[in-house]
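Step one of this worksheet: look at the structure below.
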Amino acid sequence: MPPRLIPYSLPPRDPDWQVQRARELLTELDARRSCRAFSSRPVPRELVELAIAAGHSAPSGANRKPWRFVVIDDPAIKREIRIAAEAEEKESYDHRMPQEWLDALEPIGTTWEKPFLEIAPWLVVLFRIDWEETNGRRLKNYYPAESAGLAAGFFLYACHAVGLATLTHTPSPMNFLRDICRRPENEKPYLLIPVGYPAEDCQVPDLVKKPLAEALQWNR
Ligand code: IYR
């Protein structure tokens, strides 16, 4: 069966407008920083839901949208997540991470302690779904990791664009999130994203970002 097709077009844009808009967008995106010191100031549920809807609008392999966003503001669940994450992280920092990795993190200043998991008003746990069962049949999803990455990117941008701070946190291993969120075995924790406002005294590392020239090639 051929697909049913509908018209698609984009609004015509003046080239000067395009360049100006691209510059503004770049300035806005380049100012985003990972936040590890959150304020407990509440964020309306509607705002988080709209940012998640933006994440959910991302393209995905065969349009399967192989992801789930679990959104948490229940202090008891946040506490459970903090305790489990810190237990794994302490083990990682003390015993599992090779010196080379610890050295790479030194300029960022991270430790096993993750108070932001209780302080940030919302925790968003993004799961990737590698397969789904319908009528007793296992259906494989396509490019679930890439798809979940795109959904995460759209979500992070939507948050930033409305003035919300985020962190892409990856406690490791993070299977505990599946148990705490009561998700089935085909859903694999992909990212844990605290969402909120930076604490009043929030500071971020004064990092040097890799120059674009090192990451960009035109043609061959
Ligand atoms: N998961 C640890 C370690 C960590 C790893 C990377 I790669 C980072 O960019 C930052 C931290 C933690 O969250 O502390």
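By convention here, the chains of the structure tokens are called A, B, ... in the order presented, each chain's residues are numbered starting at 1, and ligands are numbered starting at 1 in the order presented.
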* To do: Using only C-alpha atoms and all ligand atoms, find each protein or nucleic acid residue lying at most 12 Å from ligand 1; present the set as a PyMOL selection string.
  => chain A and resi 34-36+82+85-94+96-98+100-117+167-174+191-194
* Asked: Hey, what's within 10 Å of A:Gly149 if we count only C-alpha atoms and toss same-chain stuff fewer than 2 positions away? As JSON, numbers by chain, please?
  -> {"A": [55, 58, 60, 67, 126, 128, 143, 144, 145, 146, 147, 151, 152, 153, 154, 155, 190, 191]}
Produce a file of the selected residues containing C-alpha atoms, as a PDB file, in the first residue's frame.
```
ATOM      1  CA  GLY A  55      10.826  16.450  22.699  1.00  0.00           C
ATOM      2  CA  ALA A  58      11.487  14.762  17.278  1.00  0.00           C
ATOM      3  CA  SER A  60      12.625   8.839  14.928  1.00  0.00           C
ATOM      4  CA  TRP A  67      11.001   6.523  23.946  1.00  0.00           C
ATOM      5  CA  LEU A 126      13.970   9.389  29.410  1.00  0.00           C
ATOM      6  CA  ARG A 128      14.708   4.203  25.086  1.00  0.00           C
ATOM      7  CA  TYR A 143      17.689   3.375  15.732  1.00  0.00           C
ATOM      8  CA  PRO A 144      16.299   3.651  19.277  1.00  0.00           C
ATOM      9  CA  ALA A 145      19.466   5.231  20.681  1.00  0.00           C
ATOM     10  CA  GLU A 146      19.699   7.842  17.934  1.00  0.00           C
ATOM     11  CA  SER A 147      15.955   8.521  18.210  1.00  0.00           C
ATOM     12  CA  ALA A 151      14.061  13.524  21.525  1.00  0.00           C
ATOM     13  CA  ALA A 152      16.428  14.539  24.314  1.00  0.00           C
ATOM     14  CA  GLY A 153      17.940  17.280  22.140  1.00  0.00           C
ATOM     15  CA  PHE A 154      14.578  18.740  21.207  1.00  0.00           C
ATOM     16  CA  PHE A 155      13.519  18.617  24.870  1.00  0.00           C
ATOM     17  CA  TYR A 190      18.730   6.616  28.665  1.00  0.00           C
ATOM     18  CA  LEU A 191      19.076   9.971  30.452  1.00  0.00           C
TER      19      LEU A 191
END
```
* To do: Considering only C-alpha atoms, state which residue in the set A:Arg23, A:Arg33, A:His160, A:Lys78 is at the smallest distance from A:Val48.
  =>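 The answer is A:His160, which sits nearest to A:Val48.
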* Write out as a ChimeraX atom specification the residues lying within 10 Å of A:Ile77, counting only C-alpha atoms and excluding same-chain residues fewer than 6 positions away. => /A:83,117-118,123,180-181
Serialized selection, N, CA and C atoms, as an mmCIF file, in the first residue's frame:
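Listing of part-v4.cif after writing:
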```cif
data_model
loop_
_atom_site.group_PDB
_atom_site.id
_atom_site.type_symbol
_atom_site.label_atom_id
_atom_site.label_comp_id
_atom_site.auth_asym_id
_atom_site.auth_seq_id
_atom_site.Cartn_x
_atom_site.Cartn_y
_atom_site.Cartn_z
ATOM 1 N N ILE A 83 19.109 8.568 46.363
ATOM 2 C CA ILE A 83 19.825 7.571 47.172
ATOM 3 C C ILE A 83 20.431 6.491 46.267
ATOM 4 N N LEU A 117 19.261 16.084 42.628
ATOM 5 C CA LEU A 117 18.199 15.115 42.320
ATOM 6 C C LEU A 117 17.004 15.269 43.258
ATOM 7 N N GLU A 118 17.240 15.903 44.409
ATOM 8 C CA GLU A 118 16.111 16.183 45.302
ATOM 9 C C GLU A 118 15.667 17.629 45.215
ATOM 10 N N LEU A 123 12.213 15.891 37.833
ATOM 11 C CA LEU A 123 13.185 14.974 37.229
ATOM 12 C C LEU A 123 12.486 14.319 36.047
ATOM 13 N N ILE A 180 12.602 1.905 39.926
ATOM 14 C CA ILE A 180 11.956 2.982 40.687
ATOM 15 C C ILE A 180 10.770 3.555 39.905
ATOM 16 N N CYS A 181 10.922 3.671 38.578
ATOM 17 C CA CYS A 181 9.835 4.229 37.754
ATOM 18 C C CYS A 181 8.800 3.175 37.369
#
```
* Asked: Mind checking DSSP for stretch 164-211 of chain A and telling me the strand (DSSP E) residues as a PyMOL selection string?
  -> chain A and resi 165-166+187-196
Which residues of stretch 100-127 of chain A sit at most 7 Å from stretch 38-44 of chain A, using only C-alpha atoms? Give each one's shortest atom pair and distance in Å (one decimal place), in chain and ascending residue order, as a tab-separated table.
```
residue	atom	partner	partner_atom	distance
A:Phe116	CA	A:Phe38	CA	6.0
A:Ile119	CA	A:Ser40	CA	5.3
A:Ala120	CA	A:Phe38	CA	5.4
A:Pro121	CA	A:Pro42	CA	5.6
```
* **Those in chain A with helix (DSSP H, G or I) from DSSP, as a PyMOL selection string** => chain A and resi 15-30+45-56+61-63+75-96+99-105+116-119+144-161+176-180+212-214
* Asked: Contacts of A:Cys159 at 9 Å or less, counting only C-alpha atoms, minus same-chain residues fewer than 5 places along, as a list in words?
  -> Leu47, Val48, Ala51, Ile52, Phe154, Leu164, Ala165, Thr166, Val195 and Gly196 of chain A
Using the selection just defined, write its residues with N, CA, C and O atoms as a compact mmCIF listing (two decimals), in the first residue's frame.
```txt
# COMPACT_ATOMS: atom_id res chain seq x y z
N LEU A 47 4.38 23.79 31.79
CA LEU A 47 5.61 24.17 31.09
C LEU A 47 6.44 22.93 30.78
O LEU A 47 6.99 22.77 29.68
N VAL A 48 6.54 22.04 31.77
CA VAL A 48 7.31 20.80 31.57
C VAL A 48 6.63 19.94 30.51
O VAL A 48 7.28 19.38 29.62
N ALA A 51 7.35 21.28 27.07
CA ALA A 51 8.73 20.99 26.64
C ALA A 51 8.85 19.50 26.27
O ALA A 51 9.57 19.15 25.33
N ILE A 52 8.14 18.66 26.98
CA ILE A 52 8.18 17.24 26.64
C ILE A 52 7.47 16.99 25.31
O ILE A 52 7.93 16.19 24.49
N PHE A 154 15.73 17.84 21.38
CA PHE A 154 14.58 18.74 21.21
C PHE A 154 14.07 19.21 22.58
O PHE A 154 13.73 20.37 22.77
N LEU A 164 14.46 27.53 31.20
CA LEU A 164 14.61 26.47 32.20
C LEU A 164 15.98 25.83 32.09
O LEU A 164 16.47 25.57 30.97
N ALA A 165 16.57 25.55 33.24
CA ALA A 165 17.89 24.91 33.27
C ALA A 165 17.72 23.39 33.29
O ALA A 165 16.73 22.87 33.82
N THR A 166 18.69 22.71 32.70
CA THR A 166 18.66 21.23 32.67
C THR A 166 20.07 20.69 32.87
O THR A 166 21.06 21.42 32.76
N VAL A 195 15.15 19.32 35.85
CA VAL A 195 14.66 20.53 35.19
C VAL A 195 14.25 21.54 36.26
O VAL A 195 13.58 21.17 37.23
N GLY A 196 14.65 22.78 36.08
CA GLY A 196 14.25 23.82 37.04
C GLY A 196 14.95 25.12 36.73
O GLY A 196 15.26 25.42 35.57
```
* **Pick from A:Ile129, A:Cys202, A:Val162, A:Val124 nearest to A:Glu28, counting only C-alpha atoms** =>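 Closest to A:Glu28 of all the choices is A:Val162.
Between atom CA of A:Ala148 and atom CA of A:Pro59 the separation is 9.4 Å.
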* Structure fact -> Restricting to only C-alpha atoms, whichever of A:Val208, A:Ala215, A:Val19, A:Leu139 is closest to A:Ala62 is A:Leu139
* Asked: From the set A:Leu150, A:Leu50, A:Leu216, A:Ala37, which residue has the shortest atom-to-atom contact distance to A:Pro66, counting only C-alpha atoms?
  -> A:Leu150
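For the atom pair formed by atom CA of A:Leu207 and atom CA of A:Arg32, the distance is 12.4 Å, given to one decimal.
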* How far is it from atom CA of A:Ile72 to atom CA of A:Asp130, in Å with one decimal? ->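 Result for atom CA of A:Ile72 versus atom CA of A:Asp130: 22.8 Å, one decimal.
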* In terms of the shortest atom-to-atom distance over only C-alpha atoms, which of A:Arg79, A:Trp122, A:His95, A:Ala31 is closest to A:Glu49? ->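 Distance minimum relative to A:Glu49 lands on A:Trp122.
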